[in-house]
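Quick look at start29.cif (mmCIF, C-alpha atoms):
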```cif
data_my_file
#
loop_
_atom_site.label_atom_id
_atom_site.label_comp_id
_atom_site.auth_asym_id
_atom_site.auth_seq_id
_atom_site.Cartn_x
_atom_site.Cartn_y
_atom_site.Cartn_z
CA MET R 1 -11.52 1.47 33.57
CA ARG R 2 -14.61 3.46 32.54
CA ARG R 3 -15.57 6.67 34.23
CA ARG R 4 -18.39 9.17 34.10
CA HIS R 5 -17.66 12.73 33.16
CA PHE R 6 -17.66 15.08 36.14
CA PHE R 7 -21.25 16.13 36.92
CA GLY R 8 -22.28 14.15 33.84
CA ALA R 9 -24.31 11.08 32.97
CA ALA R 10 -22.90 7.72 31.98
CA GLY R 11 -22.39 7.11 28.31
CA ALA R 12 -23.92 3.64 28.16
CA ALA R 13 -27.08 2.07 29.51
CA SER R 14 -25.06 -0.53 31.43
CA PHE R 15 -23.72 2.26 33.68
CA ALA R 16 -27.14 3.68 34.57
CA THR R 17 -28.14 0.88 36.92
CA ILE R 18 -31.37 1.21 38.85
CA LEU R 19 -31.36 0.63 42.59
CA PRO R 20 -33.96 -2.11 43.20
CA ALA R 21 -35.68 -2.20 46.58
CA TRP R 22 -34.66 -5.80 47.23
CA ALA R 23 -30.99 -4.98 46.66
CA ALA R 24 -31.19 -2.05 49.06
CA GLU R 25 -32.81 -4.26 51.69
CA GLU R 26 -30.12 -6.94 51.37
CA SER R 27 -27.36 -4.37 51.87
CA ALA R 28 -29.02 -2.46 54.70
CA ASP R 29 -26.88 -4.07 57.42
CA LEU R 30 -23.52 -3.36 55.78
CA PRO R 31 -21.23 -1.09 57.85
CA ASN R 32 -20.51 2.50 56.81
CA LEU R 33 -16.80 2.30 55.97
CA ALA R 34 -16.64 6.02 55.19
CA ALA R 35 -17.89 7.17 58.60
CA GLY R 36 -14.44 8.29 59.70
CA ALA R 37 -13.25 9.64 56.35
CA VAL R 38 -11.95 13.22 56.63
CA PRO R 39 -12.79 15.58 53.74
CA ILE R 40 -10.25 17.99 52.32
CA GLY R 41 -10.14 21.13 54.45
CA ARG R 42 -9.15 24.78 54.15
CA GLU R 43 -5.55 24.23 55.22
CA GLU R 44 -4.89 21.72 52.46
CA ARG R 45 -6.59 23.88 49.84
CA ALA R 46 -4.45 26.82 50.95
CA ALA R 47 -1.35 24.67 50.42
CA ARG R 48 -2.59 23.76 46.92
CA ILE R 49 -3.07 27.40 46.03
CA ALA R 50 0.39 28.24 47.33
CA LYS R 51 1.90 25.45 45.23
CA ALA R 52 0.00 26.65 42.16
CA ALA R 53 1.35 30.16 42.74
CA ASP R 54 4.90 28.78 42.95
CA LEU R 55 4.41 26.87 39.70
CA MET R 56 3.00 29.96 37.99
CA ARG R 57 6.05 31.97 38.98
CA SER R 58 8.42 29.25 37.79
CA HIS R 59 6.62 29.04 34.41
CA ASP R 60 6.32 32.83 34.03
CA ILE R 61 2.51 32.69 34.25
CA ALA R 62 0.60 35.62 35.74
CA ALA R 63 -2.78 33.99 36.37
CA LEU R 64 -4.81 30.84 35.78
CA LEU R 65 -8.48 30.51 34.75
CA ILE R 66 -10.43 27.41 35.82
CA GLU R 67 -14.00 26.42 34.90
CA PRO R 68 -16.33 24.16 36.94
CA GLY R 69 -15.21 20.56 37.25
CA SER R 70 -12.76 18.64 39.35
CA SER R 71 -10.01 21.28 39.17
CA LEU R 72 -12.38 23.94 40.52
CA VAL R 73 -13.25 21.57 43.37
CA TYR R 74 -9.56 20.83 43.92
CA PHE R 75 -8.53 24.45 44.40
CA THR R 76 -11.69 26.11 45.78
CA GLY R 77 -14.12 23.44 46.94
CA ILE R 78 -16.83 24.85 44.66
CA GLU R 79 -19.07 22.12 43.25
CA TRP R 80 -20.72 23.57 40.17
CA TRP R 81 -21.59 22.72 36.60
CA ARG R 82 -20.74 24.17 33.21
CA SER R 83 -23.36 26.14 31.30
CA GLU R 84 -23.51 29.09 28.92
CA ARG R 85 -23.40 31.35 32.01
CA LEU R 86 -19.76 31.46 33.05
CA THR R 87 -18.75 30.59 36.57
CA ALA R 88 -14.98 30.34 36.97
CA ALA R 89 -12.05 30.88 39.30
CA VAL R 90 -8.97 33.02 38.64
CA LEU R 91 -5.77 32.32 40.57
CA THR R 92 -2.74 34.62 40.43
CA ARG R 93 0.94 33.95 40.98
CA GLU R 94 0.64 35.98 44.19
CA GLY R 95 -1.86 33.44 45.58
CA GLU R 96 -4.93 35.67 45.16
CA ILE R 97 -8.25 34.16 44.05
CA ALA R 98 -11.40 35.53 42.48
CA ILE R 99 -14.61 33.71 41.66
CA VAL R 100 -16.72 35.10 38.82
CA THR R 101 -20.36 34.00 38.71
CA PRO R 102 -23.79 35.31 37.72
CA PHE R 103 -25.25 37.67 40.33
CA PHE R 104 -28.21 35.41 41.04
CA GLU R 105 -25.92 32.38 41.57
CA GLU R 106 -23.64 33.97 44.19
CA PRO R 107 -25.41 32.60 47.29
CA SER R 108 -25.40 29.06 45.87
CA VAL R 109 -21.78 29.25 44.75
CA ARG R 110 -20.70 30.44 48.19
CA GLU R 111 -22.23 27.34 49.81
CA SER R 112 -19.33 25.13 48.73
CA LEU R 113 -16.60 27.79 48.53
CA GLY R 114 -13.81 26.46 50.71
CA VAL R 115 -11.23 29.24 50.47
CA THR R 116 -11.03 32.98 50.97
CA ALA R 117 -11.72 34.65 47.63
CA ASP R 118 -13.12 37.76 45.99
CA VAL R 119 -16.49 37.05 44.39
CA LEU R 120 -17.12 38.98 41.18
CA THR R 121 -20.73 38.94 40.03
CA TRP R 122 -22.15 39.84 36.65
CA ASP R 123 -25.66 40.54 35.41
CA GLU R 124 -27.23 38.94 32.36
CA ASP R 125 -26.40 41.93 30.13
CA GLU R 126 -22.73 42.04 31.19
CA ASN R 127 -19.56 40.26 30.06
CA PRO R 128 -18.08 38.06 32.82
CA LEU R 129 -14.64 38.06 31.18
CA ALA R 130 -14.59 41.86 31.39
CA ALA R 131 -14.93 41.49 35.16
CA VAL R 132 -12.03 39.02 35.17
CA ALA R 133 -9.92 41.35 33.05
CA ALA R 134 -10.61 44.34 35.31
CA TRP R 135 -9.75 42.34 38.45
CA LEU R 136 -6.45 41.18 36.89
CA ALA R 137 -5.64 44.68 35.61
CA ARG R 138 -5.99 46.13 39.11
CA ARG R 139 -3.25 43.68 40.16
CA GLY R 140 -0.97 44.52 37.26
CA PHE R 141 -1.72 41.37 35.27
CA ALA R 142 -3.43 42.82 32.18
CA ALA R 143 -0.49 41.67 30.05
CA GLY R 144 1.89 38.72 30.21
CA ARG R 145 1.01 35.03 30.13
CA ILE R 146 -2.47 34.08 31.31
CA ALA R 147 -3.06 30.34 31.55
CA VAL R 148 -6.28 28.38 31.16
CA GLU R 149 -6.91 24.94 32.62
CA GLU R 150 -6.77 22.50 29.71
CA THR R 151 -10.50 21.64 29.68
CA VAL R 152 -11.74 25.26 29.63
CA ARG R 153 -14.19 25.79 26.75
CA TYR R 154 -13.36 27.84 23.68
CA PHE R 155 -15.90 30.62 24.31
CA ALA R 156 -14.20 31.38 27.63
CA VAL R 157 -10.73 31.32 26.05
CA ASP R 158 -11.86 33.53 23.19
CA GLY R 159 -13.58 35.93 25.60
CA LEU R 160 -10.45 36.14 27.72
CA LYS R 161 -8.33 36.98 24.66
CA LYS R 162 -10.69 39.80 23.71
CA ALA R 163 -10.90 41.15 27.26
CA LEU R 164 -7.10 41.04 27.67
CA PRO R 165 -5.73 41.95 24.20
CA ASP R 166 -2.22 42.51 25.55
CA ALA R 167 -2.03 39.14 27.28
CA ARG R 168 -0.81 35.86 25.83
CA ILE R 169 -3.14 32.92 26.55
CA VAL R 170 -1.28 29.67 27.34
CA ASN R 171 -2.02 26.14 28.50
CA GLY R 172 -2.32 25.84 32.29
CA ALA R 173 -1.44 22.13 32.36
CA PRO R 174 2.04 22.68 33.88
CA VAL R 175 0.37 24.33 36.88
CA VAL R 176 -2.74 22.18 37.28
CA ARG R 177 -1.04 18.88 36.54
CA GLY R 178 1.91 19.93 38.64
CA CYS R 179 -0.44 20.11 41.62
CA ARG R 180 -3.04 17.41 40.97
CA MET R 181 -0.74 14.59 39.78
CA HIS R 182 0.93 14.38 43.17
CA LYS R 183 -1.61 13.31 45.79
CA SER R 184 -1.23 14.25 49.44
CA ALA R 185 -1.59 11.83 52.33
CA ALA R 186 -5.14 13.13 52.87
CA GLU R 187 -6.10 12.44 49.26
CA ILE R 188 -4.59 8.97 49.31
CA ALA R 189 -6.44 8.20 52.54
CA LEU R 190 -9.78 9.05 50.88
CA MET R 191 -8.90 6.95 47.84
CA GLN R 192 -8.05 4.07 50.15
CA VAL R 193 -11.49 4.26 51.78
CA ALA R 194 -13.12 4.33 48.34
CA ALA R 195 -11.16 1.22 47.32
CA ASP R 196 -12.08 -0.55 50.57
CA ILE R 197 -15.75 0.20 49.91
CA SER R 198 -15.57 -1.14 46.36
CA MET R 199 -13.93 -4.38 47.48
CA ALA R 200 -16.47 -4.85 50.28
CA ALA R 201 -19.28 -4.23 47.78
CA TYR R 202 -17.78 -6.83 45.44
CA ARG R 203 -17.66 -9.39 48.23
CA HIS R 204 -21.30 -8.66 49.02
CA THR R 205 -22.37 -8.87 45.37
CA ALA R 206 -20.50 -11.92 44.07
CA PRO R 207 -22.34 -14.62 46.08
CA ARG R 208 -25.69 -13.16 44.97
CA ILE R 209 -25.04 -13.54 41.23
CA LYS R 210 -27.32 -16.17 39.71
CA ALA R 211 -27.85 -17.69 36.28
CA GLY R 212 -30.13 -15.55 34.13
CA MET R 213 -29.26 -12.26 35.81
CA THR R 214 -28.72 -9.26 33.55
CA PRO R 215 -26.02 -6.60 33.86
CA ALA R 216 -28.64 -4.30 35.40
CA ASP R 217 -29.47 -6.91 38.04
CA ILE R 218 -25.85 -7.32 39.08
CA GLY R 219 -25.17 -3.59 38.85
CA GLY R 220 -28.14 -2.90 41.11
CA ILE R 221 -26.74 -5.15 43.85
CA MET R 222 -23.30 -3.55 43.55
CA LYS R 223 -24.74 -0.03 43.58
CA ALA R 224 -26.87 -0.69 46.66
CA ALA R 225 -23.91 -2.19 48.52
CA THR R 226 -21.62 0.70 47.62
CA ILE R 227 -24.13 3.24 48.93
CA ALA R 228 -24.79 1.24 52.11
CA LEU R 229 -21.03 1.01 52.74
CA GLY R 230 -20.78 4.81 52.68
CA GLY R 231 -19.65 5.53 49.13
CA ARG R 232 -21.26 7.32 46.24
CA SER R 233 -21.79 4.79 43.50
CA GLU R 234 -19.76 6.09 40.56
CA PHE R 235 -20.41 3.43 37.92
CA GLU R 236 -21.16 -0.27 37.47
CA LEU R 237 -20.07 -1.75 34.15
CA ILE R 238 -21.08 -5.41 33.94
CA LEU R 239 -20.06 -7.41 30.84
CA LEU R 240 -21.26 -10.97 30.36
CA GLY R 241 -20.02 -13.67 28.01
CA GLU R 242 -18.81 -12.40 24.64
CA ALA R 243 -19.43 -8.79 25.74
CA SER R 244 -16.40 -9.11 28.03
CA ALA R 245 -14.22 -9.20 24.88
CA TYR R 246 -15.06 -5.54 24.22
CA PRO R 247 -13.57 -3.22 26.87
CA HIS R 248 -16.68 -1.04 27.20
CA GLY R 249 -19.17 -3.73 26.36
CA SER R 250 -21.93 -4.35 23.87
CA GLY R 251 -25.53 -3.23 23.46
CA LYS R 252 -26.67 -6.81 22.81
CA PRO R 253 -28.85 -8.51 25.46
CA GLN R 254 -26.76 -10.31 28.07
CA ALA R 255 -27.48 -12.77 30.85
CA VAL R 256 -25.36 -14.82 33.22
CA LYS R 257 -24.71 -18.30 31.80
CA GLU R 258 -22.89 -21.36 33.06
CA GLY R 259 -19.26 -21.41 31.92
CA GLU R 260 -19.17 -17.81 30.71
CA VAL R 261 -17.09 -14.86 31.87
CA VAL R 262 -18.52 -12.24 34.19
CA LEU R 263 -16.50 -9.00 34.00
CA MET R 264 -17.30 -6.33 36.59
CA ASP R 265 -15.75 -2.84 36.45
CA CYS R 266 -17.01 -0.67 39.30
CA GLY R 267 -16.06 2.40 41.30
CA ALA R 268 -17.00 4.41 44.36
CA THR R 269 -16.39 7.98 45.48
CA VAL R 270 -15.64 9.22 48.99
CA HIS R 271 -15.56 13.01 49.49
CA GLY R 272 -14.91 13.33 45.76
CA TYR R 273 -12.05 10.80 45.50
CA GLN R 274 -12.54 7.70 43.41
CA SER R 275 -11.81 4.01 43.21
CA ASP R 276 -11.74 1.94 40.02
CA ILE R 277 -11.53 -1.84 40.39
CA SER R 278 -12.30 -4.62 37.91
CA ARG R 279 -12.72 -8.32 38.45
CA SER R 280 -13.26 -11.14 35.94
CA PHE R 281 -14.35 -14.66 36.78
CA VAL R 282 -16.42 -17.48 35.33
CA TYR R 283 -19.90 -18.38 36.49
CA GLY R 284 -19.61 -22.09 37.12
CA LYS R 285 -16.55 -24.02 35.93
CA ALA R 286 -13.83 -22.21 34.00
CA SER R 287 -12.37 -23.84 30.90
CA PRO R 288 -8.61 -24.42 30.53
CA ARG R 289 -8.45 -21.56 28.00
CA GLN R 290 -10.25 -19.16 30.33
CA ARG R 291 -7.89 -20.11 33.15
CA GLN R 292 -4.83 -19.64 30.98
CA VAL R 293 -5.85 -16.18 29.80
CA TRP R 294 -6.83 -15.16 33.34
CA ASP R 295 -3.44 -16.26 34.70
CA GLN R 296 -1.56 -14.47 31.90
CA MET R 297 -3.50 -11.25 32.44
CA ARG R 298 -2.97 -11.46 36.20
CA LYS R 299 0.77 -11.78 35.65
CA GLY R 300 0.52 -8.74 33.36
CA GLN R 301 -0.52 -6.72 36.41
CA ASP R 302 2.56 -7.92 38.25
CA VAL R 303 4.80 -7.01 35.31
CA ALA R 304 3.35 -3.49 35.30
CA PHE R 305 3.71 -3.13 39.08
CA ALA R 306 7.35 -4.29 38.97
CA ALA R 307 8.12 -1.80 36.19
CA ALA R 308 6.63 1.13 38.12
CA LYS R 309 9.84 2.41 39.69
CA LEU R 310 10.46 5.97 40.84
CA GLY R 311 11.91 8.04 38.03
CA THR R 312 10.84 5.61 35.31
CA PRO R 313 8.96 7.24 32.41
CA ALA R 314 5.28 6.25 32.74
CA GLY R 315 5.24 4.83 29.23
CA LYS R 316 7.86 2.24 30.13
CA VAL R 317 5.29 0.48 32.33
CA ASP R 318 3.09 -0.06 29.29
CA ASP R 319 6.11 -1.17 27.25
CA ALA R 320 6.99 -3.83 29.83
CA VAL R 321 3.50 -5.35 29.76
CA ARG R 322 3.35 -5.34 25.96
CA ALA R 323 6.73 -7.06 25.71
CA TYR R 324 5.51 -9.81 28.07
CA TYR R 325 2.22 -10.26 26.19
CA GLU R 326 3.96 -10.38 22.82
CA SER R 327 6.16 -13.19 24.14
CA LEU R 328 2.93 -15.14 24.68
CA GLY R 329 1.62 -14.42 21.19
CA TRP R 330 -0.77 -11.56 21.99
CA GLY R 331 -0.74 -8.37 19.94
CA PRO R 332 1.69 -7.15 18.79
CA GLY R 333 1.38 -3.72 20.29
CA TYR R 334 -2.24 -2.62 20.67
CA LYS R 335 -3.61 -5.16 18.16
CA LEU R 336 -6.18 -7.83 18.99
CA PRO R 337 -6.36 -10.43 20.32
CA GLY R 338 -4.40 -8.83 23.12
CA THR R 339 -4.51 -5.50 24.95
CA SER R 340 -6.07 -2.75 22.83
CA HIS R 341 -5.95 -0.03 25.50
CA ARG R 342 -3.30 1.55 27.72
CA THR R 343 -2.05 -0.34 30.76
CA GLY R 344 -3.45 2.27 33.13
CA HIS R 345 -4.65 5.81 33.72
CA GLY R 346 -4.17 8.38 36.41
CA ILE R 347 -6.93 8.59 39.03
CA GLY R 348 -8.00 10.90 41.85
CA LEU R 349 -10.90 13.37 41.84
CA ASP R 350 -11.50 12.16 38.28
CA GLY R 351 -11.61 8.52 37.34
CA HIS R 352 -9.29 9.30 34.44
CA GLU R 353 -6.59 11.89 35.09
CA PRO R 354 -3.23 12.71 33.52
CA VAL R 355 -0.85 11.06 33.16
CA ASN R 356 -1.39 7.59 31.68
CA LEU R 357 0.61 4.39 31.60
CA VAL R 358 0.72 4.42 27.82
CA ARG R 359 3.35 4.05 25.12
CA GLY R 360 5.40 7.21 24.63
CA GLU R 361 4.48 8.93 27.93
CA THR R 362 7.73 10.44 29.22
CA THR R 363 6.56 11.84 32.58
CA PRO R 364 8.71 10.20 35.28
CA LEU R 365 6.92 8.35 38.07
CA ALA R 366 7.10 10.26 41.37
CA PRO R 367 5.68 9.98 44.90
CA GLY R 368 1.98 10.74 45.15
CA MET R 369 1.10 9.68 41.61
CA CYS R 370 -1.85 7.28 41.43
CA PHE R 371 -2.69 4.89 38.59
CA SER R 372 -4.96 2.05 37.57
CA ASN R 373 -3.22 -1.18 36.55
CA GLU R 374 -5.45 -3.02 34.06
CA PRO R 375 -3.71 -4.60 31.05
CA GLY R 376 -6.76 -6.63 30.00
CA ILE R 377 -6.60 -9.36 27.36
CA TYR R 378 -9.47 -9.38 24.86
CA ILE R 379 -10.34 -12.06 22.30
CA PRO R 380 -13.05 -10.74 19.93
CA GLY R 381 -15.87 -13.22 19.45
CA GLU R 382 -14.93 -15.18 22.58
CA PHE R 383 -14.29 -13.39 25.89
CA GLY R 384 -12.06 -10.92 27.65
CA ILE R 385 -10.33 -10.83 31.02
CA ARG R 386 -9.72 -7.53 32.80
CA LEU R 387 -8.37 -7.33 36.32
CA GLU R 388 -7.88 -3.81 37.60
CA ASP R 389 -6.37 -2.54 40.81
CA CYS R 390 -5.03 0.93 41.50
CA PHE R 391 -1.70 1.79 43.09
CA TYR R 392 0.09 4.89 44.29
CA MET R 393 3.75 5.79 44.23
CA THR R 394 5.58 6.19 47.56
CA GLU R 395 9.20 7.04 48.37
CA ASP R 396 9.75 3.27 48.42
CA GLY R 397 7.97 2.50 45.16
CA PRO R 398 4.40 1.47 44.25
CA ARG R 399 1.79 0.39 46.79
CA TRP R 400 -1.62 -1.16 46.08
CA PHE R 401 -4.93 0.43 47.06
CA SER R 402 -6.58 -2.98 46.60
CA GLU R 403 -4.87 -6.36 46.64
CA PRO R 404 -4.97 -8.06 43.22
CA ALA R 405 -7.05 -11.21 42.84
CA SER R 406 -5.38 -14.47 43.80
CA SER R 407 -7.02 -16.80 41.25
CA ILE R 408 -9.94 -17.10 38.86
CA ASP R 409 -11.68 -19.15 41.54
CA LYS R 410 -11.07 -16.53 44.26
CA PRO R 411 -11.32 -13.20 42.45
CA PHE R 412 -12.26 -11.25 45.57
CA GLY R 413 -9.73 -12.67 48.00
#
```
Rewrite the structure from the file as structure tokens, please.
Amino acid sequence: MRRRHFFGAAGAASFATILPAWAAEESADLPNLAAGAVPIGREERAARIAKAADLMRSHDIAALLIEPGSSLVYFTGIEWWRSERLTAAVLTREGEIAIVTPFFEEPSVRESLGVTADVLTWDEDENPLAAVAAWLARRGFAAGRIAVEETVRYFAVDGLKKALPDARIVNGAPVVRGCRMHKSAAEIALMQVAADISMAAYRHTAPRIKAGMTPADIGGIMKAATIALGGRSEFELILLGEASAYPHGSGKPQAVKEGEVVLMDCGATVHGYQSDISRSFVYGKASPRQRQVWDQMRKGQDVAFAAAKLGTPAGKVDDAVRAYYESLGWGPGYKLPGTSHRTGHGIGLDGHEPVNLVRGETTPLAPGMCFSNEPGIYIPGEFGIRLEDCFYMTEDGPRWFSEPASSIDKPFG
């Protein structure tokens, strides 16, 4: 459910788990499941750029500006960060690309550049958007509709407006989402490896959980296993006891106790593509109430999966789950006790990507779309149950990346 920002730090202490030496030693013999994973190559990036150009032409867009982050990686391979010194990519509807970056950063930027592109450098006393404007003007794109990727910062948008006074700046979401929402077979294969690593790490971690352990203790085991299995550890959110009733946890001290819920929400990355899997179980013997809520939440996943049919508006998946939960007395709607968050989110290079399985979302489900399925049930003051598995849409309907848990007693299969 929870995800770090791209190139950013986790927002809560429970995500920043330390890798203890003993945990690394215990996971040292785990196999590298990512050894055969194939990263995205030039041919696929060229196809992405061609698709973006097609979408720009169909939406009457002349060019698209993208800042560092997952979209820059998606189209160019460049792994960079955002700062006050602008590094960005410009794509045109003719399939041309330029990278603008500070002069002294050019060698470093080129290290991860995975496509053929013009590189426009600027010195500290120069305006990088003026270089972008000049490059576009030489191609006849000084006017018309210039799109910006939807996370581009205001100073870059404002600078682009001033550098291209005859252009109209528009939202680039139809182009970027039009490409990124539909994963290729290569992307899905990487996400499958990431999911396999997370499940293997869970199976390594679960038997090692003991009474008295803290979230950091459990997260350290999970992190070490994920790394040993060949993934980059993306996050480990561990919620114990009452903290499990709050989707992103609590700052109060927590420790594993007999008869209390252990909620684990963890993810791995393989060549940039992510997994996001949650499991909830009880340390020791589960009470009848814990079992009932677990079973209801688990059926909620099945309701969502069954509703995820090709052509169905994404929001209808959330509606189906909420109707089922309301029949059991949860809610209504997003009220507690019940499910206070959306049924699922898109996933890929980012842990959270458009579009979401949320009320009112009209985007129809189509092949290549990937989502989490996590309609957790939360009871403030008591406990929460969240089971999360991701699925992707095929020509034949949805398919799981990880098999959902079979019971509260066998949460990892």
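Closest to Ala23 of chain R among R:Arg85, R:His248, R:Lys223, R:His271 is R:Lys223, based on only C-alpha atoms.
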Applied to the shown file, which residues does the PyMOL selection byres ((chain R and resi 293-300) around 7) return, written as a PyMOL selection string? chain R and resi 289-292+301-304+321+375-377+385+387+408
Would you list the residues near (-1.1, -10.4, 18.6), meaning any protein, DNA or RNA residue with an atom at most 12 Å from that point in file coordinates, counting only C-alpha atoms, as a ChimeraX atom specification? /R:322-340,377-379
Can I get the residues of segment 102-171 of chain R within 10 Å of segment 176-194 of chain R, each with the closest pair of atoms and their distance in Å to one decimal, using all atoms listed in the file, sorted chain first then ascending number, as JSON lines?
```
{"residue": "R:Ala147", "atom": "CA", "partner": "R:Val176", "partner_atom": "CA", "distance": 10.0}
{"residue": "R:Val148", "atom": "CA", "partner": "R:Val176", "partner_atom": "CA", "distance": 9.4}
{"residue": "R:Glu149", "atom": "CA", "partner": "R:Val176", "partner_atom": "CA", "distance": 6.8}
{"residue": "R:Glu150", "atom": "CA", "partner": "R:Val176", "partner_atom": "CA", "distance": 8.6}
{"residue": "R:Asn171", "atom": "CA", "partner": "R:Val176", "partner_atom": "CA", "distance": 9.7}
```
Would you write out, as a PyMOL selection string, every residue that the PyMOL selection byres ((chain R and resi 159) around 12) captures in this file? chain R and resi 65+86+127-133+148+152-158+160-165+169
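One finds atom CA of Gly351 of chain R at 8.5 Å from atom CA of Tyr273 of chain R.
Distances from R:Gly311, R:Gly413, R:Gly231, R:Gly140 to Pro364 of chain R were compared using all atoms listed in the file, and the smallest one belongs to R:Gly311.
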Exercise: Ile277 of chain R partners within 8 Å, all atoms listed in the file, chain neighbours under 6 positions left out, as a tab-separated table (two decimals) with C-alpha atoms, in the frame of the given file:
```
chain	number	residue	atom	x	y	z
R	1	MET	CA	-11.52	1.47	33.57
R	195	ALA	CA	-11.16	1.22	47.32
R	198	SER	CA	-15.57	-1.14	46.36
R	199	MET	CA	-13.93	-4.38	47.48
R	265	ASP	CA	-15.75	-2.84	36.45
R	266	CYS	CA	-17.01	-0.67	39.30
R	267	GLY	CA	-16.06	2.40	41.30
R	387	LEU	CA	-8.37	-7.33	36.32
R	388	GLU	CA	-7.88	-3.81	37.60
R	389	ASP	CA	-6.37	-2.54	40.81
R	390	CYS	CA	-5.03	0.93	41.50
```
Nearest to Ser108 of chain R, restricted to only C-alpha atoms and choosing among R:Trp80, R:Phe391, R:Phe401, R:Phe281, comes out as R:Trp80
I want to know what sits within 9 Å of Leu113 of chain R, based on only C-alpha atoms, with residues of the same chain fewer than 6 positions away left out; could you give that as a list in words? Val73, Thr76, Gly77, Ile78 and Glu79 of chain R
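Note that atom CA of Asp118 of chain R and atom CA of Ala53 of chain R are 16.7 Å apart.
The set of residues that the PyMOL selection byres ((chain R and resi 282) around 7) takes from this file is Gly259, Glu260, Val261, Val262, Phe281, Tyr283, Gly284, Lys285 and Ala286 of chain R.
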Write a file of the selected residues as a tab-separated table (two decimals), keeping the file's coordinate frame, keeping C-alpha atoms.
```
chain	number	residue	atom	x	y	z
R	259	GLY	CA	-19.26	-21.41	31.92
R	260	GLU	CA	-19.17	-17.81	30.71
R	261	VAL	CA	-17.09	-14.86	31.87
R	262	VAL	CA	-18.52	-12.24	34.19
R	281	PHE	CA	-14.35	-14.66	36.78
R	283	TYR	CA	-19.90	-18.38	36.49
R	284	GLY	CA	-19.61	-22.09	37.12
R	285	LYS	CA	-16.55	-24.02	35.93
R	286	ALA	CA	-13.83	-22.21	34.00
```
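If you look at atom CA of Glu124 of chain R and atom CA of Phe141 of chain R, they are 25.8 Å away from each other.
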Measuring atom to atom with all atoms listed in the file, identify which of R:Arg232, R:His204, R:Arg279, R:Lys210 is nearest to Glu258 of chain R. R:Lys210
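For Glu382 of chain R, the set of protein, DNA and RNA residues having any atom at most 8 Å away, when counting all atoms listed in the file and skipping those fewer than 4 positions along the same chain, is Gly241, Glu242 and Ala245 of chain R.
Omitting Thr362 of chain R and its sequence neighbours fewer than 6 positions away, and counting only C-alpha atoms, the residues within 9 Å are Thr312, Pro313, Ala314, Gly315 and Lys316 of chain R.
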Exercise: Arg342 of chain R partners within 9 Å, all atoms listed in the file, chain neighbours under 3 positions left out, as a count of residues only: 10
Expected answer as a PyMOL selection string: all residues with atoms within 8 Å of (-25.2, -6.0, 30.6), all atoms listed in the file: chain R and resi 14+214-216+237-240+249-255
In terms of only C-alpha atoms, the residue from R:Ala52, R:Thr269, R:Ala173, R:Ala211 at minimal distance from Asp196 of chain R is R:Thr269
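You can rank R:Ala206, R:Ala62, R:Ala225, R:Ile347 by their closest distance to Pro20 of chain R using all atoms listed in the file, and at the top of that list sits R:Ala225.
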